[in-house]
$ cat protein.txt   # compact mmCIF, C-alpha atoms and all ligand atoms
# COMPACT_ATOMS: atom_id res chain seq x y z
CA MET E 26 -22.38 -49.69 -17.23
CA PRO E 27 -21.03 -46.60 -15.44
CA ASN E 28 -17.51 -46.57 -14.04
CA PRO E 29 -17.69 -48.80 -10.91
CA ALA E 30 -15.47 -46.48 -8.85
CA LEU E 31 -17.80 -43.55 -9.55
CA LEU E 32 -20.78 -45.67 -8.52
CA GLU E 33 -18.99 -46.71 -5.34
CA HIS E 34 -18.21 -43.05 -4.56
CA GLY E 35 -21.97 -42.68 -4.01
CA SER E 36 -21.43 -44.06 -0.48
CA GLN E 37 -20.00 -40.62 0.31
CA PHE E 38 -23.52 -39.19 -0.11
CA THR E 39 -25.58 -41.75 1.79
CA LYS E 40 -28.57 -39.77 3.02
CA SER E 41 -28.18 -39.46 6.76
CA VAL E 42 -28.12 -37.17 9.78
CA ILE E 43 -24.82 -37.81 11.52
CA ALA E 44 -23.80 -36.89 15.08
CA LEU E 45 -20.37 -35.24 15.18
CA GLY E 46 -20.39 -34.40 18.88
CA ASP E 47 -22.68 -33.43 21.69
CA GLY E 48 -25.45 -31.42 19.98
CA ILE E 49 -23.53 -31.18 16.69
CA TRP E 50 -25.09 -32.70 13.61
CA GLY E 51 -24.50 -32.99 9.89
CA ALA E 52 -27.06 -33.60 7.14
CA ILE E 53 -25.31 -35.56 4.38
CA GLY E 54 -26.71 -36.69 1.04
CA PHE E 55 -29.95 -34.70 1.12
CA ALA E 56 -28.68 -32.44 -1.65
CA ALA E 57 -25.52 -31.47 -3.51
CA SER E 58 -23.95 -30.09 -0.33
CA ASN E 59 -23.97 -30.69 3.41
CA VAL E 60 -25.65 -28.66 6.16
CA TYR E 61 -24.46 -28.66 9.78
CA MET E 62 -26.24 -27.72 13.00
CA ILE E 63 -24.59 -26.72 16.29
CA GLU E 64 -26.89 -26.66 19.28
CA GLY E 65 -26.37 -23.79 21.74
CA GLY E 66 -28.11 -22.81 24.96
CA ALA E 67 -31.36 -21.57 23.48
CA SER E 68 -30.78 -21.65 19.74
CA VAL E 69 -28.93 -23.51 16.99
CA THR E 70 -26.36 -22.33 14.48
CA ILE E 71 -26.69 -23.52 10.89
CA ILE E 72 -23.54 -23.82 8.77
CA ASP E 73 -24.40 -23.61 5.06
CA THR E 74 -27.92 -24.00 3.74
CA THR E 75 -27.60 -26.18 0.62
CA GLU E 76 -28.86 -25.62 -2.92
CA SER E 77 -32.66 -25.52 -2.84
CA THR E 78 -35.56 -24.68 -0.57
CA SER E 79 -36.96 -28.21 -0.95
CA ALA E 80 -33.72 -29.84 0.24
CA ALA E 81 -33.46 -27.28 3.06
CA GLU E 82 -37.01 -28.15 4.17
CA ASN E 83 -36.11 -31.85 4.30
CA ILE E 84 -32.97 -31.13 6.28
CA LEU E 85 -34.70 -28.79 8.71
CA ALA E 86 -37.35 -31.46 9.33
CA ALA E 87 -34.63 -34.03 10.03
CA PHE E 88 -32.83 -31.61 12.38
CA ARG E 89 -36.12 -30.95 14.17
CA ALA E 90 -36.05 -34.57 15.32
CA LYS E 91 -32.88 -33.68 17.26
CA THR E 92 -33.89 -30.33 18.77
CA ASP E 93 -36.65 -27.79 18.28
CA LYS E 94 -34.54 -24.81 19.39
CA PRO E 95 -34.92 -21.96 16.89
CA VAL E 96 -32.23 -21.14 14.35
CA GLY E 97 -30.27 -18.29 15.92
CA ARG E 98 -27.79 -17.59 13.13
CA ILE E 99 -26.53 -18.89 9.81
CA ILE E 100 -22.91 -19.05 8.72
CA TYR E 101 -21.98 -19.29 5.03
CA THR E 102 -18.60 -20.96 4.47
CA HIS E 103 -18.47 -19.44 0.97
CA SER E 104 -20.63 -18.00 -1.77
CA HIS E 105 -21.22 -20.96 -4.09
CA ARG E 106 -24.91 -21.25 -4.72
CA ASP E 107 -25.15 -24.86 -3.54
CA HIS E 108 -24.37 -23.58 -0.02
CA ILE E 109 -26.50 -20.45 0.24
CA SER E 110 -29.76 -21.23 -1.52
CA GLY E 111 -31.81 -22.69 1.35
CA ALA E 112 -31.24 -19.89 3.88
CA SER E 113 -34.82 -18.59 3.84
CA VAL E 114 -36.06 -21.98 5.04
CA PHE E 115 -33.75 -22.00 8.05
CA ALA E 116 -34.44 -18.33 8.83
CA GLY E 117 -38.18 -19.08 8.70
CA GLY E 118 -39.09 -15.46 7.97
CA ARG E 119 -37.23 -14.15 11.00
CA ASP E 120 -34.49 -11.54 10.94
CA ILE E 121 -31.48 -13.55 12.08
CA PRO E 122 -27.78 -12.83 11.65
CA ILE E 123 -26.20 -14.34 8.54
CA LEU E 124 -22.42 -14.37 8.74
CA ALA E 125 -20.00 -14.58 5.83
CA SER E 126 -16.49 -13.50 4.93
CA ALA E 127 -16.04 -9.83 4.02
CA ALA E 128 -14.86 -11.15 0.63
CA PHE E 129 -18.22 -12.89 0.10
CA GLN E 130 -19.45 -12.33 -3.43
CA SER E 131 -22.30 -14.43 -4.68
CA ASP E 132 -22.83 -15.36 -8.28
CA LEU E 133 -26.53 -15.33 -7.41
CA ILE E 134 -26.36 -11.55 -7.28
CA GLY E 135 -27.45 -10.50 -10.75
CA VAL E 136 -25.08 -9.24 -13.38
CA ASP E 137 -26.04 -5.72 -14.50
CA GLU E 138 -28.51 -5.61 -17.35
CA GLY E 139 -26.54 -5.08 -20.52
CA ALA E 140 -23.20 -6.11 -19.00
CA VAL E 141 -20.92 -8.05 -21.32
CA ALA E 142 -20.83 -11.50 -19.71
CA PRO E 143 -20.97 -15.02 -21.19
CA ASN E 144 -24.08 -15.95 -19.26
CA GLN E 145 -25.60 -18.16 -21.92
CA ALA E 146 -22.38 -20.16 -22.24
CA LEU E 147 -22.10 -20.43 -18.47
CA GLY E 148 -25.73 -21.51 -18.19
CA ARG E 149 -25.39 -24.19 -20.85
CA ARG E 150 -22.14 -25.55 -19.43
CA THR E 151 -23.51 -25.52 -15.87
CA GLN E 152 -26.49 -27.58 -17.00
CA ALA E 153 -24.13 -29.96 -18.77
CA GLN E 154 -21.71 -30.33 -15.84
CA PHE E 155 -24.49 -31.06 -13.37
CA GLY E 156 -26.49 -33.12 -15.88
CA ILE E 157 -29.64 -31.05 -15.50
CA GLY E 158 -32.26 -32.71 -17.69
CA LEU E 159 -30.55 -36.11 -17.69
CA SER E 160 -32.42 -39.08 -16.25
CA PRO E 161 -31.51 -40.30 -12.72
CA GLN E 162 -29.95 -43.39 -14.36
CA GLU E 163 -27.70 -41.16 -16.43
CA ARG E 164 -26.94 -38.59 -13.71
CA ILE E 165 -25.56 -40.97 -11.13
CA SER E 166 -23.41 -38.35 -9.40
CA LEU E 167 -22.39 -34.71 -9.32
CA GLY E 168 -18.90 -35.75 -8.22
CA CYS E 169 -19.49 -33.86 -4.98
CA GLY E 170 -23.03 -35.00 -4.23
CA PRO E 171 -25.85 -37.28 -5.30
CA GLY E 172 -27.23 -36.82 -8.80
CA ASP E 173 -30.71 -37.77 -7.69
CA ARG E 174 -32.07 -35.24 -5.19
CA PRO E 175 -34.95 -32.73 -4.95
CA MET E 176 -34.67 -29.85 -7.39
CA GLU E 177 -37.68 -27.70 -6.50
CA GLY E 178 -36.68 -24.24 -5.33
CA LEU E 179 -33.16 -24.56 -6.74
CA GLY E 180 -31.35 -21.28 -5.98
CA ALA E 181 -34.54 -19.79 -4.55
CA GLY E 182 -33.84 -19.32 -0.83
CA TYR E 183 -30.74 -17.13 -0.85
CA LEU E 184 -30.52 -14.42 1.81
CA GLU E 185 -27.84 -11.71 1.87
CA PRO E 186 -25.24 -11.89 4.62
CA THR E 187 -25.96 -9.42 7.40
CA GLN E 188 -22.48 -9.54 8.95
CA ARG E 189 -19.35 -9.57 6.85
CA ILE E 190 -16.36 -10.81 8.81
CA ALA E 191 -13.11 -9.07 7.86
CA SER E 192 -10.56 -11.15 9.75
CA ASP E 193 -10.06 -14.25 11.88
CA GLY E 194 -11.71 -14.11 15.25
CA GLU E 195 -13.56 -15.83 18.05
CA ILE E 196 -17.32 -16.02 18.16
CA ASP E 197 -19.80 -17.27 20.71
CA LEU E 198 -22.44 -19.51 19.13
CA ASP E 199 -24.94 -19.24 21.96
CA GLY E 200 -22.59 -20.84 24.46
CA VAL E 201 -20.42 -22.81 22.02
CA ALA E 202 -16.97 -21.28 21.54
CA ALA E 203 -15.94 -21.10 17.89
CA GLN E 204 -13.43 -19.42 15.62
CA LEU E 205 -14.06 -18.06 12.16
CA ILE E 206 -10.94 -18.39 10.00
CA MET E 207 -10.37 -16.95 6.53
CA ALA E 208 -9.10 -19.73 4.27
CA PRO E 209 -9.24 -18.88 0.55
CA GLY E 210 -9.40 -22.04 -1.52
CA GLU E 211 -12.09 -23.25 -3.88
CA THR E 212 -13.30 -19.64 -3.67
CA ARG E 213 -11.55 -16.50 -2.47
CA ASP E 214 -14.25 -15.93 0.13
CA HIS E 215 -13.91 -19.16 2.10
CA MET E 216 -14.40 -18.81 5.86
CA VAL E 217 -14.12 -22.00 7.89
CA VAL E 218 -15.61 -22.66 11.32
CA TRP E 219 -13.42 -24.23 14.01
CA LEU E 220 -14.62 -25.54 17.35
CA PRO E 221 -11.37 -25.72 19.39
CA LEU E 222 -12.85 -27.55 22.38
CA GLN E 223 -14.59 -30.27 20.37
CA LYS E 224 -11.79 -30.19 17.74
CA ILE E 225 -14.30 -30.14 14.89
CA LEU E 226 -13.47 -28.26 11.69
CA PHE E 227 -16.14 -27.19 9.18
CA SER E 228 -13.97 -26.71 6.11
CA GLY E 229 -16.49 -25.67 3.49
CA ASP E 230 -15.28 -26.80 0.06
CA ASN E 231 -11.58 -26.54 0.79
CA TRP E 232 -11.67 -30.28 1.20
CA TYR E 233 -14.02 -33.08 0.07
CA HIS E 234 -13.55 -36.75 -0.73
CA ALA E 235 -12.44 -36.23 -4.36
CA PHE E 236 -9.57 -34.61 -6.24
CA PRO E 237 -10.15 -30.87 -5.72
CA ASN E 238 -12.07 -29.04 -8.41
CA LEU E 239 -9.22 -26.67 -9.20
CA TYR E 240 -11.01 -25.94 -12.46
CA ALA E 241 -14.75 -26.43 -12.97
CA ILE E 242 -15.63 -27.19 -16.59
CA ARG E 243 -18.83 -25.16 -16.32
CA GLY E 244 -16.37 -22.26 -16.55
CA THR E 245 -14.70 -20.51 -13.63
CA PRO E 246 -12.21 -17.72 -13.22
CA TYR E 247 -8.76 -18.86 -12.12
CA ARG E 248 -8.82 -20.44 -8.68
CA ASP E 249 -5.67 -19.55 -6.76
CA PHE E 250 -3.84 -22.90 -6.47
CA ALA E 251 -1.16 -21.65 -4.08
CA ALA E 252 -3.69 -20.00 -1.75
CA TRP E 253 -5.75 -23.21 -1.65
CA ALA E 254 -2.65 -25.28 -0.85
CA ASP E 255 -1.64 -22.83 1.90
CA SER E 256 -5.14 -22.94 3.40
CA LEU E 257 -5.00 -26.74 3.55
CA GLU E 258 -1.77 -26.47 5.53
CA LEU E 259 -3.36 -23.92 7.84
CA LEU E 260 -6.35 -26.21 8.39
CA ALA E 261 -4.10 -29.23 9.02
CA GLY E 262 -2.28 -27.16 11.67
CA LEU E 263 -5.47 -26.76 13.71
CA GLY E 264 -5.24 -30.40 14.80
CA ALA E 265 -8.87 -31.34 14.20
CA ASP E 266 -10.22 -34.70 15.29
CA ILE E 267 -13.22 -34.40 12.97
CA LEU E 268 -13.29 -32.78 9.55
CA ALA E 269 -16.80 -31.80 8.46
CA PRO E 270 -16.61 -30.89 4.76
CA GLY E 271 -19.06 -29.04 2.55
CA HIS E 272 -19.54 -32.21 0.50
CA THR E 273 -19.08 -35.93 1.21
CA MET E 274 -18.85 -37.71 4.55
CA PRO E 275 -17.08 -36.27 7.61
CA VAL E 276 -13.61 -37.63 8.34
CA ARG E 277 -12.90 -38.88 11.86
CA GLY E 278 -9.62 -39.31 13.72
CA GLY E 279 -6.81 -36.78 14.13
CA ASP E 280 -4.29 -38.75 12.06
CA LYS E 281 -6.77 -39.34 9.25
CA VAL E 282 -7.75 -35.68 9.14
CA GLN E 283 -4.08 -34.70 8.96
CA ASP E 284 -3.51 -37.22 6.19
CA VAL E 285 -6.39 -36.12 3.98
CA LEU E 286 -5.55 -32.41 4.34
CA THR E 287 -1.79 -32.68 3.87
CA SER E 288 -1.98 -35.17 0.98
CA THR E 289 -4.48 -32.93 -0.82
CA ARG E 290 -2.10 -30.03 -0.31
CA SER E 291 0.70 -32.18 -1.77
CA ALA E 292 -1.48 -33.04 -4.77
CA ILE E 293 -2.07 -29.35 -5.54
CA ASP E 294 1.65 -28.61 -5.08
CA HIS E 295 2.47 -31.47 -7.46
CA VAL E 296 0.19 -30.14 -10.20
CA MET E 297 1.74 -26.68 -9.89
CA LYS E 298 5.31 -28.06 -9.93
CA VAL E 299 4.89 -30.41 -12.89
CA THR E 300 2.98 -27.83 -14.92
CA VAL E 301 5.64 -25.19 -14.28
CA GLU E 302 8.37 -27.65 -15.28
CA GLY E 303 6.54 -28.40 -18.53
CA MET E 304 6.00 -24.70 -19.23
CA ASN E 305 9.67 -23.96 -18.52
CA GLN E 306 10.69 -26.73 -20.93
CA GLY E 307 8.46 -25.20 -23.59
CA LEU E 308 6.10 -28.18 -23.74
CA SER E 309 2.73 -27.67 -25.38
CA MET E 310 -0.32 -27.51 -23.14
CA ASP E 311 -1.59 -30.71 -24.77
CA ASP E 312 1.65 -32.52 -23.94
CA ILE E 313 1.61 -31.33 -20.33
CA ALA E 314 -2.05 -32.33 -19.92
CA ALA E 315 -1.58 -35.69 -21.65
CA SER E 316 1.34 -36.72 -19.44
CA ILE E 317 0.64 -35.27 -15.99
CA SER E 318 -0.47 -37.59 -13.20
CA LEU E 319 -0.16 -37.80 -9.44
CA PRO E 320 2.90 -39.60 -8.03
CA PRO E 321 2.24 -43.16 -6.77
CA GLU E 322 2.15 -42.17 -3.08
CA LEU E 323 -0.76 -39.81 -3.83
CA ALA E 324 -2.40 -41.54 -6.78
CA ASP E 325 -3.81 -44.40 -4.70
CA ARG E 326 -5.41 -42.23 -1.99
CA PRO E 327 -9.17 -42.82 -2.20
CA TRP E 328 -9.95 -39.11 -1.62
CA LEU E 329 -7.67 -37.99 -4.45
CA GLN E 330 -9.49 -39.94 -7.17
CA GLU E 331 -10.82 -37.72 -9.95
CA PHE E 332 -14.53 -37.94 -9.09
CA TYR E 333 -14.90 -34.14 -9.17
CA GLY E 334 -11.72 -32.31 -10.19
CA LYS E 335 -9.23 -33.65 -12.73
CA VAL E 336 -5.44 -33.45 -12.74
CA ALA E 337 -5.08 -32.70 -16.47
CA TRP E 338 -7.72 -29.95 -16.40
CA SER E 339 -5.97 -28.48 -13.37
CA ALA E 340 -2.67 -28.31 -15.27
CA ARG E 341 -4.38 -26.39 -18.10
CA ALA E 342 -6.04 -24.06 -15.59
CA PHE E 343 -2.77 -23.37 -13.78
CA ALA E 344 -0.92 -22.61 -17.03
CA THR E 345 -3.59 -20.26 -18.35
CA GLY E 346 -4.15 -18.77 -14.89
CA THR E 347 -0.49 -17.83 -14.58
CA LEU E 348 0.76 -16.99 -18.10
CA GLY E 349 -2.46 -16.85 -20.10
CA TRP E 350 -3.48 -18.68 -23.26
CA TYR E 351 -0.23 -18.35 -25.26
CA ASP E 352 1.96 -21.40 -24.71
CA GLY E 353 5.14 -19.97 -26.22
CA ASN E 354 4.75 -21.73 -29.59
CA PRO E 355 4.62 -19.03 -32.32
CA THR E 356 2.42 -21.29 -34.44
CA HIS E 357 -0.35 -20.34 -32.06
CA LEU E 358 0.05 -16.63 -32.77
CA GLY E 359 -1.87 -17.18 -36.00
CA THR E 360 -5.23 -18.86 -36.48
CA LEU E 361 -6.91 -21.23 -38.89
CA SER E 362 -10.66 -21.42 -38.52
CA SER E 363 -12.08 -24.84 -37.74
CA LYS E 364 -13.38 -25.07 -41.28
CA GLN E 365 -10.05 -24.07 -42.87
CA ARG E 366 -8.20 -26.67 -40.82
CA ALA E 367 -10.77 -29.33 -41.68
CA GLU E 368 -10.51 -28.49 -45.38
CA HIS E 369 -6.71 -28.94 -45.28
CA LEU E 370 -7.06 -32.26 -43.47
CA ALA E 371 -9.76 -33.50 -45.84
CA ARG E 372 -7.55 -32.71 -48.83
CA LEU E 373 -4.64 -34.58 -47.24
CA ALA E 374 -6.89 -37.53 -46.42
CA GLY E 375 -8.16 -37.72 -50.00
CA GLY E 376 -11.58 -36.30 -49.24
CA ALA E 377 -14.06 -35.89 -46.40
CA ALA E 378 -15.34 -39.42 -47.01
CA ASN E 379 -11.99 -40.77 -45.83
CA LEU E 380 -12.16 -38.65 -42.68
CA LEU E 381 -15.61 -40.06 -42.05
CA LYS E 382 -14.37 -43.61 -42.56
CA ALA E 383 -11.51 -42.99 -40.13
CA ALA E 384 -13.94 -41.57 -37.57
CA GLU E 385 -16.14 -44.65 -37.90
CA THR E 386 -13.31 -47.14 -37.56
CA THR E 387 -10.74 -45.73 -35.13
CA GLY E 388 -10.70 -47.32 -31.70
CA ASP E 389 -9.32 -44.15 -30.10
CA LEU E 390 -12.40 -42.36 -28.82
CA GLN E 391 -10.63 -39.04 -28.30
CA TRP E 392 -9.34 -39.15 -31.89
CA ARG E 393 -12.85 -40.07 -33.05
CA LEU E 394 -14.21 -36.93 -31.35
CA GLU E 395 -11.55 -34.79 -32.99
CA LEU E 396 -12.27 -36.27 -36.42
CA CYS E 397 -15.99 -35.67 -35.86
CA ASP E 398 -15.29 -32.01 -35.10
CA HIS E 399 -13.45 -31.67 -38.43
CA LEU E 400 -16.36 -33.35 -40.22
CA LEU E 401 -18.91 -31.13 -38.50
CA ALA E 402 -16.85 -28.06 -39.46
CA LEU E 403 -17.15 -29.22 -43.08
CA GLY E 404 -20.89 -29.61 -42.68
CA GLU E 405 -20.70 -33.41 -42.85
CA PRO E 406 -23.24 -35.42 -40.81
CA ALA E 407 -21.07 -36.70 -37.94
CA GLU E 408 -23.48 -35.85 -35.11
CA GLU E 409 -24.46 -39.42 -34.33
CA ILE E 410 -20.89 -40.76 -34.43
CA LYS E 411 -19.78 -38.01 -32.05
CA ALA E 412 -22.76 -38.58 -29.75
CA GLN E 413 -22.01 -42.30 -29.66
CA ALA E 414 -18.33 -41.69 -28.86
CA MET E 415 -19.25 -39.31 -26.01
CA THR E 416 -21.69 -41.87 -24.61
CA GLU E 417 -18.94 -44.51 -24.64
CA LEU E 418 -16.49 -42.14 -22.97
CA ALA E 419 -19.11 -41.25 -20.35
CA GLU E 420 -19.46 -44.89 -19.35
CA GLY E 421 -15.74 -45.21 -18.62
CA GLU E 422 -15.41 -41.87 -16.87
CA ILE E 423 -14.55 -41.69 -13.19
CA ASN E 424 -15.16 -37.93 -13.28
CA ALA E 425 -18.83 -37.11 -12.75
CA THR E 426 -18.71 -33.67 -14.35
CA ALA E 427 -17.13 -35.12 -17.50
CA ARG E 428 -19.64 -37.97 -17.52
CA ASN E 429 -22.60 -35.61 -17.17
CA THR E 430 -21.21 -33.26 -19.82
CA TYR E 431 -20.61 -36.05 -22.35
CA LEU E 432 -24.13 -37.41 -21.87
CA TRP E 433 -25.78 -33.97 -21.89
CA GLU E 434 -23.93 -32.86 -25.03
CA ALA E 435 -24.71 -36.19 -26.74
CA ARG E 436 -28.40 -35.52 -26.13
CA ARG E 437 -28.07 -32.01 -27.49
CA LEU E 438 -26.24 -33.21 -30.59
CA ARG E 439 -29.01 -35.71 -31.25
CA GLY E 440 -31.52 -32.88 -30.98
CA ALA E 441 -33.19 -34.41 -27.96
CA SER E 442 -35.04 -32.26 -25.51
CA GLY E 443 -34.11 -32.35 -21.86
CA GLY E 444 -30.51 -31.48 -22.52
CA GLY E 445 -31.56 -28.31 -24.31
CA VAL E 446 -31.13 -24.80 -23.00
ZN ZN Y 501 -19.92 -26.78 -2.81

$ encode --input "protein.txt" --output "structure tokens"
Amino acid sequence: MPNPALLEHGSQFTKSVIALGDGIWGAIGFAASNVYMIEGGASVTIIDTTESTSAAENILAAFRAKTDKPVGRIIYTHSHRDHISGASVFAGGRDIPILASAAFQSDLIGVDEGAVAPNQALGRRTQAQFGIGLSPQERISLGCGPGDRPMEGLGAGYLEPTQRIASDGEIDLDGVAAQLIMAPGETRDHMVVWLPLQKILFSGDNWYHAFPNLYAIRGTPYRDFAAWADSLELLAGLGADILAPGHTMPVRGGDKVQDVLTSTRSAIDHVMKVTVEGMNQGLSMDDIAASISLPPELADRPWLQEFYGKVAWSARAFATGTLGWYDGNPTHLGTLSSKQRAEHLARLAGGAANLLKAAETTGDLQWRLELCDHLLALGEPAEEIKAQAMTELAEGEINATARNTYLWEARRLRGASGGGV
């Protein structure tokens, strides 16, 4: 039985077209990310285009029930591929303006042939995080969107931006006054859209109903925590009545919007502060990660639950993003290989058979995983025990990316297809 809170979080992705104002619509739950439409005099503006051409086609069809005005322009809030991969569907073969931040840099744009880049690792971990190849029963959520959604044309409809916006400014969306505001957060190239008259803010991924993904376990460069926190304060200062995020349901009501933005800012500040305190005290990264949590006034906020990001992972990311991998303990200047360490432990334990027995009997699932890793380093058959432990951990997990990764890696360890790369 999956974690009930994670199941319940699925209500944030109920498939629907939602009215946010006069002629302003949001398509929620059709795909990993949301798409918004703003109706102007003779055309519509599309904000973000989701992850696949098939999802984009479904959304465009649903929008067509509201208005048949042609798409006049597309705005990308940022370069993550789940927001830019359905553009060709909305453009419909026409040459329309596509606006993005001047900092826009898509990971869809190919890495040079022969460049040294960990693409295989990134590919495998991305599949694991998003549970690609898992069954719909296993992949109940992405943490930021529904697990079960159309996958045809994934990443296929990307179009290059035609206008790169260098700084904040006003823009006329065919009769609808808007502002484009640079707000680095989940990515450096975030550009939010603000409608000052309607008081609607399209925040991209700088906010969603989950603890922010300050570190994505698929593997990401350091995300600037302080810049993200500052952007949340900037967005809160706009005084929006409706917050229309890149994932999960829109938030309505000025006070509520203020609350979700400022409390998320406080949560990021807290992670930075506690991690720095631990680093300054010379604590190990494990001890910081094992002990950090949100304070009570933040911990019970529904939108700060760890459906997507995780507090402990964020602490590790902040420490390595600021001072790098060395934690100040000289023990870590040297290295034992996994096999050497396992051999030492096996000798201490009186043989690998005793390690295996401990792995089979301990009730601490994390310790069981660690023992399995030592056994596997020794060439002992611990694959099934590790796979079983990951499956058990997955069931308790509130974090969808951890759940998907545990289940995907369990499949891979068992040699099953579907999880394979
Ligand atoms: Zn996103």

$ residues_around --input "protein.txt" --residues "range 69-73 of chain E" --least-positions-apart "5" --cutoff "7 Å" --atoms "only C-alpha atoms" --output "ChimeraX atom specification"
/E:60-64,94-102,108-109,198

$ residues_near_ligand --input "protein.txt" --ligand "ligand ZN 501 (chain Y)" --cutoff "8 Å" --atoms "all atoms listed in the file" --output "PyMOL selection string"
chain E and resi 57-58+105-108+169+229-230+271-272

$ atom_distance --input "protein.txt" --atom1 "CA of Arg437 in chain E" --atom2 "CA of Arg248 in chain E"
29.3 Å

$ closest_residue --input "protein.txt" --among "E:Thr212, E:Thr430, E:Ser309, E:Thr39" --to "Met415 in chain E" --atoms "all atoms listed in the file"
E:Thr430

$ atom_distance --input "protein.txt" --atom1 "CA of Gly421 in chain E" --atom2 "CA of Asn28 in chain E"
5.1 Å

$ closest_residue --input "protein.txt" --among "E:Leu124, E:Ile49, E:Leu32, E:Ala56" --to "Thr92 in chain E" --atoms "only C-alpha atoms"
E:Ile49

$ atom_distance --input "protein.txt" --atom1 "CA of Ala208 in chain E" --atom2 "CA of Asp294 in chain E"
16.8 Å

$ closest_residue --input "protein.txt" --among "E:Met207, E:Gly346, E:Pro186, E:Ala261" --to "Thr245 in chain E" --atoms "all atoms listed in the file"
E:Gly346

$ residues_around --input "protein.txt" --residues "Val299 in chain E" --least-positions-apart "2" --cutoff "9 Å" --atoms "all atoms listed in the file" --output "short mmCIF file (atom, residue, chain, number, x, y, z; two decimals) with C-alpha atoms, keeping the file's coordinate frame"
data_model
loop_
_atom_site.label_atom_id
_atom_site.label_comp_id
_atom_site.auth_asym_id
_atom_site.auth_seq_id
_atom_site.Cartn_x
_atom_site.Cartn_y
_atom_site.Cartn_z
CA ASP E 294 1.65 -28.61 -5.08
CA HIS E 295 2.47 -31.47 -7.46
CA VAL E 296 0.19 -30.14 -10.20
CA MET E 297 1.74 -26.68 -9.89
CA VAL E 301 5.64 -25.19 -14.28
CA GLU E 302 8.37 -27.65 -15.28
CA GLY E 303 6.54 -28.40 -18.53
CA MET E 304 6.00 -24.70 -19.23
CA ILE E 313 1.61 -31.33 -20.33
CA ILE E 317 0.64 -35.27 -15.99
CA SER E 318 -0.47 -37.59 -13.20
CA ALA E 340 -2.67 -28.31 -15.27
#

$ residues_around --input "protein.txt" --residues "Ser126 in chain E" --least-positions-apart "2" --cutoff "9 Å" --atoms "all atoms listed in the file" --output "ChimeraX atom specification"
/E:101-103,124,128-130,186,188-192,205-207,214-216

$ closest_residue --input "protein.txt" --among "E:Lys335, E:Lys298, E:Lys281, E:Lys40" --to "Asn238 in chain E" --atoms "only C-alpha atoms"
E:Lys335

$ residues_around --input "protein.txt" --residues "Ile157 in chain E" --least-positions-apart "5" --cutoff "12 Å" --atoms "only C-alpha atoms" --output "list in words"
Gly148, Arg149, Arg150, Thr151, Gln152, Glu163, Arg164, Ile165, Ser166, Leu167, Gly172, Asp173, Arg174, Pro175, Met176, Leu179, Thr426, Asn429, Thr430, Leu432, Trp433, Glu434, Arg436, Ser442, Gly443, Gly444, Gly445 and Val446 of chain E

$ residues_around --input "protein.txt" --residues "Pro406 in chain E" --least-positions-apart "5" --cutoff "10 Å" --atoms "all atoms listed in the file" --output "ChimeraX atom specification"
/E:381,397,400-401,411
